[in-house]
file model36.csv (CSV, C-alpha atoms)
chain,number,residue,atom,x,y,z
A,222,MET,CA,0.0,0.0,0.0
A,223,LYS,CA,1.6,3.3,-1.1
A,224,HIS,CA,1.8,6.0,1.4
A,225,TYR,CA,2.9,9.6,1.0
A,226,ARG,CA,3.4,12.6,3.3
A,227,ASP,CA,3.2,16.3,2.2
A,228,GLU,CA,2.4,19.8,3.4
A,229,ALA,CA,-1.0,21.0,2.3
A,230,VAL,CA,-3.5,23.8,2.5
A,231,VAL,CA,-7.1,22.7,3.1
A,232,LEU,CA,-9.3,24.2,0.4
A,233,GLY,CA,-12.6,22.7,1.4
A,234,GLY,CA,-14.6,19.5,1.2
A,235,HIS,CA,-18.0,17.9,1.6
A,236,ARG,CA,-19.7,15.1,3.6
A,237,LEU,CA,-19.4,11.5,2.8
A,238,GLY,CA,-21.8,9.1,4.5
A,239,GLU,CA,-22.6,9.5,8.2
A,240,ALA,CA,-19.2,10.3,9.7
A,241,ASP,CA,-16.7,10.8,6.9
A,242,ARG,CA,-15.7,13.8,4.8
A,243,ILE,CA,-14.0,14.2,1.5
A,244,VAL,CA,-11.3,16.9,1.9
A,245,ILE,CA,-9.8,18.9,-0.9
A,246,LEU,CA,-6.1,19.7,-0.4
A,247,LEU,CA,-3.6,21.7,-2.4
A,248,THR,CA,-0.3,20.1,-1.6
A,249,ARG,CA,3.3,21.2,-2.0
A,250,ASP,CA,4.5,18.2,-4.1
A,251,HIS,CA,1.4,16.1,-5.0
A,252,GLY,CA,-0.8,18.6,-6.7
A,253,LEU,CA,-4.5,18.9,-5.9
A,254,VAL,CA,-5.7,15.9,-3.8
A,255,ARG,CA,-9.1,14.7,-2.8
A,256,ALA,CA,-8.9,12.4,0.2
A,257,VAL,CA,-11.3,10.8,2.7
A,258,ALA,CA,-11.0,11.7,6.3
A,259,LYS,CA,-12.7,8.8,8.0
A,260,GLY,CA,-14.7,9.5,11.2
A,261,ILE,CA,-13.9,13.2,11.1
A,262,ARG,CA,-17.5,14.2,11.9
A,263,ARG,CA,-17.6,12.2,15.0
A,264,THR,CA,-17.2,14.0,18.3
A,265,LYS,CA,-14.0,12.0,19.2
A,266,SER,CA,-12.4,12.2,15.8
A,267,ARG,CA,-8.6,12.0,15.9
A,268,PHE,CA,-8.5,14.7,13.2
A,269,GLY,CA,-10.4,17.3,15.2
A,270,SER,CA,-10.6,20.7,13.4
A,271,ARG,CA,-7.3,20.3,11.7
A,272,LEU,CA,-8.9,19.7,8.3
A,273,GLU,CA,-11.1,22.7,8.3
A,274,PRO,CA,-10.8,25.1,5.3
A,275,PHE,CA,-7.7,27.3,5.2
A,276,MET,CA,-5.7,25.2,7.7
A,277,PHE,CA,-2.0,24.6,6.8
A,278,VAL,CA,-1.2,21.0,7.7
A,279,ASP,CA,1.3,18.2,7.4
A,280,VAL,CA,-0.7,15.3,6.1
A,281,GLN,CA,0.0,11.6,5.6
A,282,ALA,CA,-2.2,9.5,3.3
A,283,HIS,CA,-2.3,6.3,1.4
A,284,VAL,CA,-3.3,6.0,-2.2
A,285,GLY,CA,-6.7,4.5,-2.9
A,286,ARG,CA,-8.5,3.4,-6.0
A,287,SER,CA,-10.5,6.6,-6.5
A,288,LEU,CA,-9.8,8.6,-3.4
A,289,ASP,CA,-6.8,8.8,-1.2
A,290,VAL,CA,-7.3,8.1,2.6
A,291,ILE,CA,-5.9,10.4,5.2
A,292,THR,CA,-4.2,8.5,8.0
A,293,GLN,CA,-2.5,11.3,10.0
A,294,VAL,CA,-2.6,15.1,10.2
A,295,GLU,CA,-0.4,17.6,12.0
A,296,LEU,CA,-1.4,21.2,12.3
A,297,LYS,CA,1.3,23.7,11.1
A,298,GLU,CA,-0.5,27.0,11.1
A,299,PRO,CA,-4.2,27.5,12.0
A,300,PHE,CA,-5.1,30.2,9.5
A,301,ALA,CA,-8.8,29.4,9.8
A,302,ARG,CA,-9.0,30.6,13.4
A,303,GLY,CA,-7.8,34.1,12.6
A,304,ILE,CA,-9.6,34.3,9.3
A,305,ALA,CA,-13.0,33.1,10.6
A,306,GLU,CA,-13.2,36.1,13.0
A,307,ASP,CA,-13.5,38.6,10.2
A,308,PHE,CA,-16.2,38.3,7.5
A,309,ASP,CA,-14.2,40.2,4.9
A,310,ALA,CA,-11.2,38.1,5.5
A,311,TYR,CA,-13.2,34.9,5.4
A,312,SER,CA,-14.9,36.0,2.1
A,313,ALA,CA,-11.5,36.7,0.5
A,314,ALA,CA,-10.0,33.4,1.7
A,315,ALA,CA,-13.0,31.5,0.2
A,316,VAL,CA,-12.3,33.1,-3.2
A,317,MET,CA,-8.6,32.3,-2.9
A,318,ALA,CA,-9.4,28.7,-2.1
A,319,GLU,CA,-11.9,28.3,-4.9
A,320,THR,CA,-9.6,30.0,-7.5
A,321,ALA,CA,-6.6,27.9,-6.4
A,322,GLN,CA,-8.7,24.7,-6.9
A,323,LYS,CA,-9.8,25.7,-10.4
A,324,LEU,CA,-6.3,26.7,-11.4
A,325,THR,CA,-4.7,23.4,-10.3
A,326,GLU,CA,-7.4,20.8,-11.2
A,327,ASP,CA,-5.5,19.7,-14.3
A,328,GLU,CA,-2.0,20.8,-13.4
A,329,PRO,CA,0.6,18.3,-12.4
A,330,ARG,CA,3.0,20.9,-11.1
A,331,THR,CA,1.4,23.2,-8.5
A,332,ARG,CA,4.2,24.1,-6.1
A,333,GLY,CA,4.1,27.8,-7.3
A,334,GLN,CA,0.4,28.0,-6.7
A,335,PHE,CA,0.7,26.3,-3.3
A,336,LEU,CA,3.4,28.7,-2.1
A,337,LEU,CA,1.4,31.7,-3.4
A,338,LEU,CA,-1.8,30.6,-1.6
A,339,LEU,CA,0.1,29.8,1.6
A,340,SER,CA,1.6,33.3,1.6
A,341,ALA,CA,-1.7,35.0,0.8
A,342,LEU,CA,-3.6,33.2,3.6
A,343,ARG,CA,-0.8,33.9,6.1
A,344,SER,CA,-0.9,37.6,5.2
A,345,LEU,CA,-4.7,37.6,5.4
A,346,CYS,CA,-4.7,35.9,8.8
A,347,ARG,CA,-2.3,38.5,10.1
A,348,GLY,CA,-4.3,41.4,8.8
A,349,GLU,CA,-1.3,42.9,6.9
A,350,HIS,CA,-3.5,44.5,4.3
A,351,PRO,CA,-7.2,45.1,3.7
A,352,PRO,CA,-8.8,41.8,2.7
A,353,ARG,CA,-10.0,42.9,-0.7
A,354,MET,CA,-6.6,44.3,-1.6
A,355,SER,CA,-5.0,41.1,-0.5
A,356,LEU,CA,-7.5,39.1,-2.6
A,357,ASP,CA,-6.9,41.3,-5.7
A,358,ALA,CA,-3.1,40.9,-5.4
A,359,TYR,CA,-3.5,37.2,-5.0
A,360,LEU,CA,-5.8,36.8,-8.0
A,361,LEU,CA,-3.5,38.8,-10.3
A,362,ARG,CA,-0.4,36.8,-9.3
A,363,ALA,CA,-2.2,33.4,-9.4
A,364,MET,CA,-3.4,34.2,-12.9
A,365,ALA,CA,0.1,35.2,-13.9
A,366,LEU,CA,1.5,31.9,-12.6
A,367,ALA,CA,-1.1,30.1,-14.7
A,368,GLY,CA,0.0,32.0,-17.8
A,369,TRP,CA,-2.6,34.7,-17.9
A,370,ALA,CA,-0.7,37.8,-16.6
A,371,PRO,CA,-2.5,41.0,-17.8
A,372,SER,CA,-0.4,43.6,-19.6
A,373,LEU,CA,-0.6,46.7,-17.4
A,374,THR,CA,1.9,49.0,-19.1
A,375,ASP,CA,2.3,48.3,-22.8
A,376,CYS,CA,-0.5,47.5,-25.2
A,377,ALA,CA,-1.3,43.8,-25.0
A,378,GLN,CA,-1.8,43.6,-28.8
A,379,CYS,CA,0.9,45.7,-30.5
A,380,GLY,CA,3.3,46.4,-27.6
A,381,MET,CA,3.0,50.2,-27.9
A,382,PRO,CA,4.4,51.8,-24.7
A,383,GLY,CA,1.7,52.9,-22.2
A,384,PRO,CA,0.1,53.7,-20.0
A,385,HIS,CA,-3.2,53.1,-21.8
A,386,ARG,CA,-6.7,53.6,-20.5
A,387,GLY,CA,-8.4,50.7,-22.3
A,388,PHE,CA,-8.5,47.4,-20.4
A,389,SER,CA,-9.8,44.2,-22.1
A,390,PRO,CA,-9.5,40.8,-20.5
A,391,ALA,CA,-10.2,39.2,-23.8
A,392,MET,CA,-7.3,41.0,-25.4
A,393,GLY,CA,-4.9,40.4,-22.5
A,394,GLY,CA,-4.9,43.6,-20.5
A,395,THR,CA,-4.4,47.3,-21.4
A,396,VAL,CA,-4.8,48.2,-25.1
A,397,CYS,CA,-3.9,51.4,-27.1
A,398,THR,CA,-6.4,53.5,-29.0
A,399,ASP,CA,-5.6,51.7,-32.3
A,400,CYS,CA,-6.0,48.2,-30.9
A,401,ARG,CA,-8.9,48.9,-28.7
A,402,ALA,CA,-12.1,47.1,-29.8
A,403,HIS,CA,-15.3,49.0,-30.1
A,404,GLY,CA,-17.1,49.1,-26.7
A,405,THR,CA,-13.9,48.6,-24.6
A,406,ALA,CA,-14.4,50.5,-21.4
A,407,LEU,CA,-11.9,53.3,-20.6
A,408,HIS,CA,-10.5,53.7,-17.1
A,409,SER,CA,-8.4,56.2,-15.2
A,410,ILE,CA,-4.7,55.7,-15.6
A,411,ALA,CA,-4.6,55.7,-11.8
A,412,VAL,CA,-6.7,52.6,-11.7
A,413,ILE,CA,-4.3,50.8,-14.1
A,414,GLU,CA,-1.4,51.9,-12.0
A,415,HIS,CA,-3.2,50.5,-8.9
A,416,LEU,CA,-3.4,47.1,-10.6
A,417,ALA,CA,0.3,47.3,-11.5
A,418,ALA,CA,1.1,48.1,-7.8
A,419,LEU,CA,-1.0,45.1,-6.7
A,420,MET,CA,0.8,42.8,-9.1
A,421,SER,CA,4.3,44.0,-8.0
A,422,GLY,CA,3.5,44.2,-4.3
A,423,ASP,CA,4.0,48.0,-4.0
A,424,TRP,CA,1.8,48.2,-1.0
A,425,SER,CA,2.5,51.9,-0.2
A,426,ARG,CA,1.1,52.8,-3.6
A,427,VAL,CA,-1.8,50.5,-3.2
A,428,ALA,CA,-2.7,52.0,0.2
A,429,ALA,CA,-2.5,55.5,-1.3
A,430,SER,CA,-5.2,54.7,-3.9
A,431,PRO,CA,-8.7,56.3,-3.2
A,432,PRO,CA,-11.5,53.9,-2.5
A,433,HIS,CA,-13.2,54.4,-5.8
A,434,HIS,CA,-10.1,53.5,-7.7
A,435,SER,CA,-9.6,50.4,-5.6
A,436,ALA,CA,-13.2,49.3,-6.2
A,437,GLU,CA,-12.9,49.8,-10.0
A,438,ALA,CA,-9.7,47.9,-10.0
A,439,SER,CA,-11.4,45.0,-8.1
A,440,ARG,CA,-14.0,44.8,-10.9
A,441,LEU,CA,-11.3,44.6,-13.5
A,442,VAL,CA,-9.5,41.8,-11.6
A,443,ALA,CA,-12.8,39.9,-11.3
A,444,ALA,CA,-13.5,40.3,-15.0
A,445,HIS,CA,-10.0,39.1,-15.9
A,446,VAL,CA,-10.4,36.0,-13.7
A,447,HIS,CA,-13.8,35.0,-15.0
A,448,TRP,CA,-12.8,35.5,-18.7
A,449,HIS,CA,-9.7,33.4,-18.6
A,450,LEU,CA,-11.1,30.6,-16.4
A,451,GLU,CA,-14.0,30.5,-18.8
A,452,ARG,CA,-16.4,29.8,-15.9
A,453,ARG,CA,-17.5,31.7,-12.8
A,454,VAL,CA,-15.8,31.6,-9.5
A,455,ARG,CA,-18.9,31.4,-7.5
A,456,SER,CA,-17.5,32.8,-4.3
A,457,LEU,CA,-16.1,35.8,-6.2
A,458,THR,CA,-19.5,36.4,-7.9
A,459,VAL,CA,-21.1,36.4,-4.5
A,460,LEU,CA,-18.5,38.8,-3.1
A,461,GLU,CA,-19.0,41.1,-6.1
A,462,ARG,CA,-22.8,41.3,-5.3
A,463,ILE,CA,-22.1,42.1,-1.7
call {"tool": "encode", "arguments": {"input": "model36.csv", "output": "structure tokens"}}
result
Amino acid sequence: MKHYRDEAVVLGGHRLGEADRIVILLTRDHGLVRAVAKGIRRTKSRFGSRLEPFMFVDVQAHVGRSLDVITQVELKEPFARGIAEDFDAYSAAAVMAETAQKLTEDEPRTRGQFLLLLSALRSLCRGEHPPRMSLDAYLLRAMALAGWAPSLTDCAQCGMPGPHRGFSPAMGGTVCTDCRAHGTALHSIAVIEHLAALMSGDWSRVAASPPHHSAEASRLVAAHVHWHLERRVRSLTVLERI
């Protein structure tokens, strides 16, 4: 029986039978894993709350026919405890987890996405930045790791030096006047610069942005994510409505 051990972030899961649970894990070296935690819903479960969403754990499992089976879990960092105390932080973490799952479902190599998510959840738990700004920065970087980095300086089509006011997810980011498709929305240069600051981690510039610029940038990030994933991130859609 083949066993393995790895570090993982718990993305979520759902019930299985009366006492078990299928847990979705993003691991450092084994990609996205779906595994059964037997008896986890019983009062005296040996796993306790260590497999709740957003926990950072060291997990041991053995490979099953369709689902792996978790045999041991050690808690490394309890991000869920800090995140659950703040609604905005929890909402941002839920979007991060769902996006990470969608980006890694068919990817054999996920270490970069694992490390990015781990860093984002740690920052969110510590309250280093406003939750929505942390989320937008994570989404931009996660999409970039997946090969969908938006162009935020030069024109995404012809390479003409910017900055440019047009932003089109379908065309790959900012576009110049000549390349801009009919109906492409125009945005303030400050909004585009805010996106660039989020991408590069220039948090002093991010913090200096007025709220309406941040809100507009968030809408552009959401549009970029939904376009390239070709399906809605449900938790992000809910957050946008809120």
call {"tool": "closest_residue", "arguments": {"input": "model36.csv", "among": "A:Arg347, A:Gln334, A:Val257, A:Ile463", "to": "Gln322 in chain A", "atoms": "all atoms listed in the file"}}
result
A:Gln334
call {"tool": "closest_residue", "arguments": {"input": "model36.csv", "among": "A:Asp423, A:Asp227, A:Glu451, A:Glu414", "to": "Thr374 in chain A", "atoms": "only C-alpha atoms"}}
result
A:Glu414
call {"tool": "atom_distance", "arguments": {"input": "model36.csv", "atom1": "CA of Ser456 in chain A", "atom2": "CA of Ala282 in chain A"}}
result
28.9 Å
call {"tool": "atom_distance", "arguments": {"input": "model36.csv", "atom1": "CA of Phe277 in chain A", "atom2": "CA of Glu295 in chain A"}}
result
8.9 Å
call {"tool": "residues_near_point", "arguments": {"input": "model36.csv", "point": "(4.1, 4.5, 0.8)", "cutoff": "9 Å", "atoms": "all atoms listed in the file", "output": "list in words"}}
result
Met222, Lys223, His224, Tyr225, Arg226, Ala282, His283 and Val284 of chain A
call {"tool": "residues_around", "arguments": {"input": "model36.csv", "residues": "range 380-392 of chain A", "least_positions_apart": "6", "cutoff": "6 Å", "atoms": "all atoms listed in the file", "output": "PDB file with C-alpha atoms, in the coordinates of the input"}}
result
ATOM      1  CA  THR A 374       1.900  49.000 -19.100  1.00  0.00           C
ATOM      2  CA  LEU A 407     -11.900  53.300 -20.600  1.00  0.00           C
ATOM      3  CA  HIS A 408     -10.500  53.700 -17.100  1.00  0.00           C
ATOM      4  CA  ILE A 410      -4.700  55.700 -15.600  1.00  0.00           C
ATOM      5  CA  HIS A 445     -10.000  39.100 -15.900  1.00  0.00           C
TER       6      HIS A 445
END
call {"tool": "atom_distance", "arguments": {"input": "model36.csv", "atom1": "CA of Leu373 in chain A", "atom2": "CA of Ile413 in chain A"}}
result
6.4 Å
call {"tool": "residues_around", "arguments": {"input": "model36.csv", "residues": "Leu342 in chain A", "least_positions_apart": "5", "cutoff": "10 Å", "atoms": "all atoms listed in the file", "output": "PyMOL selection string"}}
result
chain A and resi 230+275-277+300-301+303-304+310-311+313-314+317-318+337+347-348+355-356+359
